[in-house]
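Raw contents of entry09.txt, compact mmCIF, C-alpha atoms:
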```txt
# COMPACT_ATOMS: atom_id res chain seq x y z
CA MET T 171 169.85 42.72 -24.68
CA ILE T 172 167.80 45.69 -23.65
CA LYS T 173 169.95 48.33 -22.03
CA TRP T 174 169.11 50.91 -19.41
CA GLN T 175 169.87 54.44 -20.53
CA LEU T 176 169.55 57.98 -19.26
CA GLY T 177 167.29 60.67 -20.66
CA THR T 178 167.21 64.30 -19.62
CA LEU T 179 163.96 66.00 -18.75
CA ALA T 180 163.62 68.86 -21.25
CA GLU T 181 160.09 69.97 -20.49
CA LEU T 182 157.37 69.17 -17.98
CA LYS T 183 153.81 69.93 -19.00
CA PRO T 184 150.85 69.53 -16.63
CA GLU T 185 147.89 67.87 -18.37
CA THR T 186 145.44 67.61 -15.45
CA PRO T 187 145.78 68.18 -11.68
CA ARG T 188 147.24 64.65 -11.31
CA VAL T 189 148.82 64.02 -14.70
CA SER T 190 151.88 65.51 -16.39
CA SER T 191 153.71 64.92 -19.63
CA LEU T 192 157.49 64.47 -19.43
CA TYR T 193 159.39 65.43 -22.58
CA LEU T 194 162.80 63.76 -22.61
CA ASP T 195 165.94 64.29 -24.61
CA VAL T 196 167.41 60.87 -25.29
CA PRO T 197 170.87 60.65 -26.85
CA GLU T 198 170.38 57.31 -28.56
CA TRP T 199 166.72 56.70 -29.24
CA PRO T 200 166.28 53.86 -31.74
CA GLY T 201 162.75 55.02 -32.65
CA HIS T 202 159.50 53.45 -31.52
CA LEU T 203 156.10 52.27 -32.66
CA ALA T 204 152.87 53.91 -31.53
CA GLY T 205 151.58 51.98 -28.51
CA GLN T 206 154.95 50.91 -27.08
CA HIS T 207 156.13 51.71 -23.56
CA VAL T 208 159.31 52.21 -21.58
CA ASP T 209 160.33 50.84 -18.20
CA VAL T 210 161.45 53.56 -15.79
CA ARG T 211 163.78 52.67 -12.89
CA LEU T 212 164.43 54.72 -9.79
CA THR T 213 167.33 53.89 -7.48
CA ALA T 214 167.39 55.07 -3.87
CA GLU T 215 170.59 56.02 -2.07
CA ASP T 216 170.57 52.67 -0.26
CA GLY T 217 170.37 50.82 -3.59
CA TYR T 218 166.67 49.97 -3.44
CA GLN T 219 165.19 50.01 -6.93
CA ALA T 220 161.62 50.42 -8.15
CA GLU T 221 160.58 49.85 -11.75
CA ARG T 222 157.36 50.80 -13.54
CA SER T 223 156.17 50.80 -17.14
CA TYR T 224 154.93 54.01 -18.77
CA SER T 225 153.36 54.29 -22.18
CA ILE T 226 154.95 56.52 -24.78
CA ALA T 227 152.71 59.46 -25.66
CA SER T 228 154.74 60.93 -28.52
CA ALA T 229 154.49 59.82 -32.12
CA PRO T 230 157.40 57.98 -33.71
CA GLU T 231 158.17 61.07 -35.79
CA ASP T 232 158.22 63.52 -32.85
CA ARG T 233 161.54 65.09 -31.91
CA ARG T 234 161.33 64.29 -28.20
CA LEU T 235 160.24 61.21 -26.34
CA ALA T 236 157.13 62.03 -24.30
CA LEU T 237 155.71 60.02 -21.41
CA THR T 238 152.48 61.01 -19.72
CA VAL T 239 152.31 59.93 -16.10
CA GLU T 240 149.44 59.88 -13.60
CA ARG T 241 150.49 60.59 -10.03
CA LEU T 242 149.31 57.80 -7.72
CA ASP T 243 149.59 58.98 -4.13
CA ASP T 244 150.57 55.54 -2.82
CA GLY T 245 152.83 54.86 -5.80
CA GLU T 246 156.58 54.27 -5.56
CA VAL T 247 157.58 55.90 -8.85
CA SER T 248 154.86 58.24 -10.13
CA PRO T 249 154.99 60.73 -7.19
CA TYR T 250 158.66 61.26 -8.04
CA LEU T 251 158.02 61.66 -11.78
CA VAL T 252 155.09 64.04 -11.21
CA GLY T 253 156.19 66.29 -8.38
CA GLU T 254 159.92 65.82 -7.73
CA LEU T 255 161.59 65.54 -11.13
CA ARG T 256 162.77 68.89 -12.53
CA VAL T 257 163.84 70.07 -15.97
CA GLY T 258 167.49 69.11 -16.47
CA ASP T 259 167.25 66.04 -14.21
CA LYS T 260 168.24 62.64 -15.56
CA LEU T 261 165.86 59.71 -15.69
CA GLU T 262 166.86 56.06 -16.09
CA PHE T 263 164.75 53.97 -18.45
CA ARG T 264 164.85 51.26 -21.09
CA GLY T 265 162.84 50.85 -24.24
CA PRO T 266 160.98 51.01 -26.45
CA ILE T 267 159.25 47.82 -25.31
CA GLY T 268 156.23 45.92 -26.63
CA GLY T 269 155.15 44.57 -30.00
CA PHE T 270 151.57 43.42 -29.48
CA PHE T 271 149.76 46.62 -28.53
CA VAL T 272 151.07 48.71 -31.43
CA TRP T 273 149.47 50.43 -34.39
CA GLN T 274 151.37 51.06 -37.57
CA GLY T 275 150.38 53.74 -40.06
CA GLN T 276 150.17 51.35 -42.99
CA ASP T 277 147.23 49.53 -41.36
CA GLU T 278 144.28 50.66 -43.50
CA ARG T 279 141.47 49.22 -41.37
CA PRO T 280 139.14 51.72 -39.65
CA LEU T 281 140.55 52.43 -36.23
CA LEU T 282 138.56 52.21 -33.01
CA LEU T 283 140.30 53.43 -29.87
CA VAL T 284 138.73 52.97 -26.44
CA ALA T 285 140.40 54.58 -23.41
CA GLY T 286 139.69 54.70 -19.70
CA GLY T 287 141.59 57.39 -17.74
CA SER T 288 145.33 57.35 -18.37
CA GLY T 289 144.73 54.51 -20.86
CA ILE T 290 144.53 57.35 -23.38
CA VAL T 291 148.35 57.70 -23.39
CA PRO T 292 149.39 54.97 -25.87
CA LEU T 293 146.29 55.78 -27.95
CA MET T 294 147.46 59.40 -28.15
CA SER T 295 150.71 58.18 -29.67
CA MET T 296 148.62 56.36 -32.29
CA LEU T 297 146.50 59.46 -32.98
CA ARG T 298 149.60 61.66 -33.29
CA HIS T 299 151.15 59.12 -35.62
CA ARG T 300 147.97 59.02 -37.68
CA ALA T 301 147.84 62.84 -37.83
CA SER T 302 151.22 62.96 -39.54
CA ALA T 303 150.56 60.06 -41.92
CA SER T 304 149.85 60.76 -45.57
CA ARG T 305 146.99 58.25 -45.75
CA LYS T 306 144.73 58.15 -42.73
CA PRO T 307 142.18 55.44 -42.00
CA PRO T 308 138.99 56.77 -40.44
CA ALA T 309 139.27 56.72 -36.65
CA ARG T 310 136.96 56.97 -33.66
CA LEU T 311 137.98 57.47 -30.06
CA LEU T 312 135.72 56.68 -27.10
CA TYR T 313 137.31 58.11 -23.98
CA SER T 314 135.99 57.63 -20.43
CA SER T 315 137.12 59.99 -17.66
CA ARG T 316 135.80 60.54 -14.15
CA LYS T 317 135.38 64.30 -14.29
CA PHE T 318 135.82 67.04 -16.87
CA GLU T 319 139.10 68.22 -15.31
CA ASP T 320 140.47 64.66 -15.41
CA ILE T 321 140.34 64.53 -19.22
CA ILE T 322 143.94 64.17 -20.37
CA TYR T 323 144.86 65.97 -23.62
CA ALA T 324 141.38 67.60 -23.79
CA GLN T 325 142.52 70.45 -26.02
CA LYS T 326 144.90 68.36 -28.12
CA LEU T 327 142.11 65.88 -28.82
CA ALA T 328 139.73 68.70 -29.74
CA ARG T 329 142.33 70.08 -32.17
CA LEU T 330 142.94 66.66 -33.73
CA ALA T 331 139.21 66.11 -34.19
CA ALA T 332 138.79 69.63 -35.64
CA ALA T 333 141.28 68.84 -38.41
CA GLY T 334 138.44 67.21 -40.31
CA ASP T 335 140.57 64.28 -41.44
CA GLY T 336 138.22 61.49 -40.43
CA LEU T 337 138.76 61.38 -36.66
CA SER T 338 135.85 61.70 -34.25
CA VAL T 339 136.29 61.95 -30.47
CA HIS T 340 133.54 60.86 -28.08
CA HIS T 341 133.88 61.56 -24.36
CA THR T 342 132.03 60.10 -21.42
CA LEU T 343 132.24 61.34 -17.82
CA THR T 344 131.41 58.85 -15.08
CA ARG T 345 131.36 61.01 -11.92
CA GLU T 346 130.57 64.69 -12.51
CA LYS T 347 129.56 66.66 -15.55
CA PRO T 348 129.96 70.40 -16.04
CA SER T 349 126.93 72.44 -17.10
CA GLY T 350 126.53 72.49 -20.86
CA TRP T 351 128.28 69.10 -21.25
CA THR T 352 127.12 67.40 -24.43
CA GLY T 353 129.05 64.13 -24.17
CA TYR T 354 127.97 60.93 -22.46
CA THR T 355 127.58 60.88 -18.67
CA ARG T 356 127.77 57.22 -17.67
CA ARG T 357 130.06 54.22 -17.61
CA ILE T 358 130.70 52.59 -20.94
CA ASP T 359 127.76 50.38 -21.92
CA ALA T 360 126.29 48.52 -24.87
CA ALA T 361 124.31 51.49 -26.21
CA MET T 362 127.37 53.75 -26.12
CA VAL T 363 129.58 51.19 -27.83
CA LYS T 364 126.91 50.64 -30.45
CA ASP T 365 126.77 54.42 -31.11
CA VAL T 366 130.52 54.85 -31.49
CA ALA T 367 131.98 51.56 -32.73
CA TRP T 368 132.37 50.80 -36.43
CA PRO T 369 129.94 48.26 -37.89
CA LYS T 370 131.53 44.84 -37.64
CA ASP T 371 131.53 44.30 -41.41
CA THR T 372 134.24 46.99 -41.67
CA THR T 373 136.61 44.64 -39.70
CA PRO T 374 138.16 47.46 -37.67
CA ALA T 375 141.44 47.50 -35.77
CA VAL T 376 140.60 48.02 -32.10
CA PHE T 377 142.81 49.15 -29.22
CA VAL T 378 141.44 49.26 -25.68
CA CYS T 379 143.53 50.61 -22.81
CA GLY T 380 142.83 51.57 -19.21
CA PRO T 381 142.24 50.08 -15.77
CA THR T 382 141.73 46.31 -15.87
CA SER T 383 138.01 46.38 -15.06
CA PHE T 384 137.39 49.03 -17.75
CA VAL T 385 139.33 47.11 -20.39
CA GLU T 386 137.49 43.88 -19.65
CA ALA T 387 134.09 45.59 -19.72
CA ALA T 388 134.85 47.34 -23.02
CA ALA T 389 136.25 44.19 -24.66
CA GLN T 390 133.19 42.18 -23.60
CA LEU T 391 130.86 44.82 -25.05
CA LEU T 392 132.71 44.70 -28.37
CA VAL T 393 132.64 40.90 -28.50
CA ALA T 394 128.91 41.09 -27.74
CA MET T 395 128.62 43.23 -30.90
CA ASP T 396 130.07 40.24 -32.77
CA TYR T 397 133.53 41.76 -33.12
CA ASP T 398 136.12 39.03 -33.66
CA PRO T 399 138.25 38.93 -30.47
CA ARG T 400 141.35 38.87 -32.69
CA TRP T 401 140.58 42.41 -33.90
CA ILE T 402 140.71 43.68 -30.33
CA LYS T 403 144.05 44.40 -28.70
CA THR T 404 143.99 45.31 -25.04
CA GLU T 405 146.41 46.72 -22.50
CA ARG T 406 145.57 46.68 -18.79
CA PHE T 407 147.01 49.25 -16.41
CA GLY T 408 145.89 47.46 -13.23
CA ALA T 409 143.60 48.84 -10.55
CA THR T 410 144.36 52.52 -10.84
CA GLY T 411 146.14 52.93 -14.13
CA GLY T 412 149.52 54.39 -15.03
CA MET X 244 141.02 40.94 -6.91
CA ALA X 245 140.22 41.00 -10.65
CA ASP X 246 141.76 44.45 -10.86
CA MET X 247 145.17 43.05 -9.97
CA THR X 248 145.21 41.17 -13.25
CA LEU X 249 147.48 42.60 -15.90
CA ASP X 250 148.30 41.21 -19.32
CA GLY X 251 151.32 40.15 -21.31
CA ASN X 252 152.18 43.75 -22.23
CA ALA X 253 153.22 44.22 -18.59
CA ILE X 254 156.00 41.63 -18.83
CA ALA X 255 157.36 42.67 -22.23
CA GLY X 256 160.47 44.10 -20.56
CA LEU X 257 161.01 41.05 -18.33
CA LEU X 258 160.65 38.71 -21.29
CA ARG X 259 163.12 40.82 -23.27
CA GLU X 260 165.63 40.22 -20.47
CA ILE X 261 165.15 36.47 -20.68
CA PHE X 262 164.62 35.86 -24.40
CA THR X 263 166.65 38.93 -25.54
CA MET X 264 163.89 39.85 -28.03
CA GLU X 265 160.38 41.21 -28.17
CA MET X 266 158.02 38.39 -27.16
CA THR X 267 154.52 39.91 -26.87
CA ASN X 268 153.71 38.90 -30.45
CA ALA X 269 154.95 35.33 -29.87
CA LEU X 270 152.25 32.63 -29.95
CA GLY X 271 151.96 30.42 -26.89
CA THR X 272 150.05 27.13 -26.83
CA CYS X 273 148.48 26.30 -23.47
CA GLY X 274 149.63 22.94 -22.16
CA SER X 275 146.21 22.33 -20.63
CA CYS X 276 143.49 23.48 -23.06
CA GLY X 277 145.56 23.90 -26.23
CA ALA X 278 144.42 27.48 -26.85
CA VAL X 279 146.88 29.54 -28.86
CA ASN X 280 147.26 33.18 -27.84
CA GLU X 281 149.74 35.97 -28.40
CA VAL X 282 151.82 36.54 -25.29
CA GLY X 283 150.31 40.07 -25.20
CA ARG X 284 146.94 38.47 -24.40
CA VAL X 285 147.93 36.27 -21.43
CA GLN X 286 146.87 37.04 -17.86
CA VAL X 287 149.70 38.30 -15.68
CA TYR X 288 149.93 38.57 -11.91
CA LEU X 289 152.91 40.53 -10.63
CA HIS X 290 153.91 39.70 -7.08
CA ALA X 291 157.53 40.77 -6.86
CA PRO X 292 159.91 39.00 -7.00
CA GLY X 293 157.66 36.50 -8.79
CA THR X 294 155.40 36.68 -11.83
CA VAL X 295 152.63 34.22 -12.64
CA VAL X 296 151.29 33.95 -16.19
CA ARG X 297 147.95 32.26 -16.89
CA CYS X 298 146.13 31.16 -20.04
CA PRO X 299 143.46 33.73 -20.99
CA SER X 300 141.21 30.90 -22.18
CA CYS X 301 141.32 28.43 -19.23
CA GLU X 302 143.46 30.20 -16.55
CA HIS X 303 145.92 27.29 -16.38
CA VAL X 304 149.36 28.46 -15.19
CA LEU X 305 151.55 28.84 -18.26
CA MET X 306 154.68 30.31 -16.81
CA ARG X 307 156.29 31.35 -13.55
CA VAL X 308 159.25 33.67 -13.40
CA VAL X 309 161.20 34.66 -10.33
CA ARG X 310 164.04 37.15 -10.48
CA GLY X 311 166.33 37.81 -7.55
CA ARG X 312 169.85 37.57 -6.15
CA GLY X 313 171.22 38.01 -9.68
CA LYS X 314 169.33 35.00 -11.08
CA TYR X 315 166.19 34.02 -12.91
CA TRP X 316 164.05 30.96 -12.28
CA VAL X 317 161.79 30.31 -15.27
CA ASP X 318 159.14 27.55 -15.15
CA LEU X 319 157.62 27.08 -18.62
CA SER X 320 156.03 23.70 -17.90
CA GLY X 321 152.51 25.01 -18.63
CA VAL X 322 153.37 26.10 -22.18
CA ARG X 323 153.29 23.34 -24.79
CA CYS X 324 154.88 25.47 -27.49
CA LEU X 325 156.13 29.00 -27.99
CA GLU X 326 156.34 30.20 -31.59
CA PHE X 327 158.15 33.38 -32.56
CA ALA X 328 159.97 34.91 -35.49
CA GLU X 329 163.74 34.88 -35.74
CA PRO X 330 165.25 38.24 -34.78
```
I need this file expressed as structure tokens, please.
Amino acid sequence: MIKWQLGTLAELKPETPRVSSLYLDVPEWPGHLAGQHVDVRLTAEDGYQAERSYSIASAPEDRRLALTVERLDDGEVSPYLVGELRVGDKLEFRGPIGGFFVWQGQDERPLLLVAGGSGIVPLMSMLRHRASASRKPPARLLYSSRKFEDIIYAQKLARLAAAGDGLSVHHTLTREKPSGWTGYTRRIDAAMVKDVAWPKDTTPAVFVCGPTSFVEAAAQLLVAMDYDPRWIKTERFGATGG
Amino acid sequence: MADMTLDGNAIAGLLREIFTMEMTNALGTCGSCGAVNEVGRVQVYLHAPGTVVRCPSCEHVLMRVVRGRGKYWVDLSGVRCLEFAEP
């Protein structure tokens, strides 16, 4: 049976104006796989409970469990996690959960990661895991954000790509672009996917995560490139993500 | 309302409560069209306290789960077979 447990918030790191990473000390963490999530449960004084799933952002080998949470103004849980929760506070959760949307370091296929908004979070766990692996398959990330300041992990991704270990990071901005922007400036489309995705004869491992409409659009574009649907693993965050 | 659709990853925790093990890699056979998909790939509609699971190939209802008042109601009549590894 999967048990609820308490973690203690050790560090809170803003990532964007609406997104923060929560670093938790967890007394009995059994370890996790890159791509898994936890369920977080809040209990009000009157006993009312709200539960939401949040992807794990940290790599399996990291010391602390990290969640990265987007604040949704009409949300029941995220405004508490990003805004109310303070260092030293306890948080109730259970996990790790999930076995389908996971990437394991021994998978040698080229890796294609496609993220929309906060869909980057489980993919970041995969990239962190890959960064600490001894053998690294080549990897490409296509990451769609609304605006430049909405890019989660912008500097961390730049550092990972600068390591020169076979990772390339490709951004697209769908709403506003800053001057001097050299990335894409449109919604994900066939030409963009063709630029970034591995040729199909390399039989890549593909992970797509983000809002439902983004995930479905991206998966359809990949299938239209003759990718086998079985190579493509998807995780939908619903209308707004997170 | 397409953006209300989630997938089997979203009910991994709920299924762990019921089956006591990780189920998103389990293979489900649709009772209507016979398509075989990992549970991670199914369509999921969360309308607390109920959850409706549909086949990603034909949208036939595979599973309904209601949780409340300390009980579960699990309707698996749309799934012909569920295949998963021993723990």
Pick the closest to chain T from X:Val282, X:Leu305, X:Cys298, X:Cys276: which is it, counting all atoms listed in the file?
->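 Selected residue with least distance to chain T: X:Val282.
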Which distance in Å separates CA of Ser383 (chain T) and CA of Arg264 (chain T), to one decimal?
->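 Atom-to-atom, CA of Ser383 (chain T) to CA of Arg264 (chain T), that is 27.9 Å.
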Restrict the distance test to all atoms listed in the file, flag each residue of chain X within 8 Å of chain T, and return the flagged residues as a ChimeraX atom specification.
-> /X:245-250,252-253,255-256,259-260,263-268,281,283-284
Rank X:Glu302, X:Gly251, X:Gly293, X:Ala269 by their smallest atom-to-atom distance to Pro330 (chain X), using only C-alpha atoms, and report the top residue only.
->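 Among X:Glu302, X:Gly251, X:Gly293, X:Ala269, it is X:Ala269 that comes nearest to Pro330 (chain X).
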Quick one: everything within 9 Å of Thr294 (chain X), counting all atoms listed in the file, minus sequence neighbours fewer than 6 positions away in the same chain. Send it as an NGL selection string.
-> :X and (254 or 287-288 or 306-310)
Box time for region 337-356 of chain T: axis-aligned, enclosing all its listed atoms, 3 Å extra on each side; report centre and edge lengths in Å to one decimal, as AutoDock Vina command-line options.
```
--center_x 132.6 --center_y 64.9 --center_z -24.3 --size_x 18.2 --size_y 21.3 --size_z 30.7
```
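The gap separating CA of Val279 (chain X) from CA of Val393 (chain T) is 18.2 Å, in Å to one decimal.
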Starting from the point (163.2, 41.1, -7.6), work out which residues of protein, DNA or RNA have an atom no more than 10 Å away when counting all atoms listed in the file; state them as a PyMOL selection string.
-> (chain T and resi 219-220) or (chain X and resi 290-294+309-315)
Within 10 Å of Ala387 (chain T) using all atoms listed in the file, minus same-chain residues under 4 positions, as number ranges by chain | T: 357-360, 382-383, 391-392
Pairwise distance, CA of Pro292 (chain T) with CA of Thr272 (chain X), equals 27.9 Å
Hey, can you pull every residue with an atom no more than 8 Å from (133.6, 52.7, -29.1), using all atoms listed in the file, and send it as a list in words?
->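 The distance filter leaves exactly Leu282, Leu283, Val284, Arg310, Leu311, Leu312, Met362, Val363, Lys364, Asp365, Val366, Ala367 and Trp368 of chain T.
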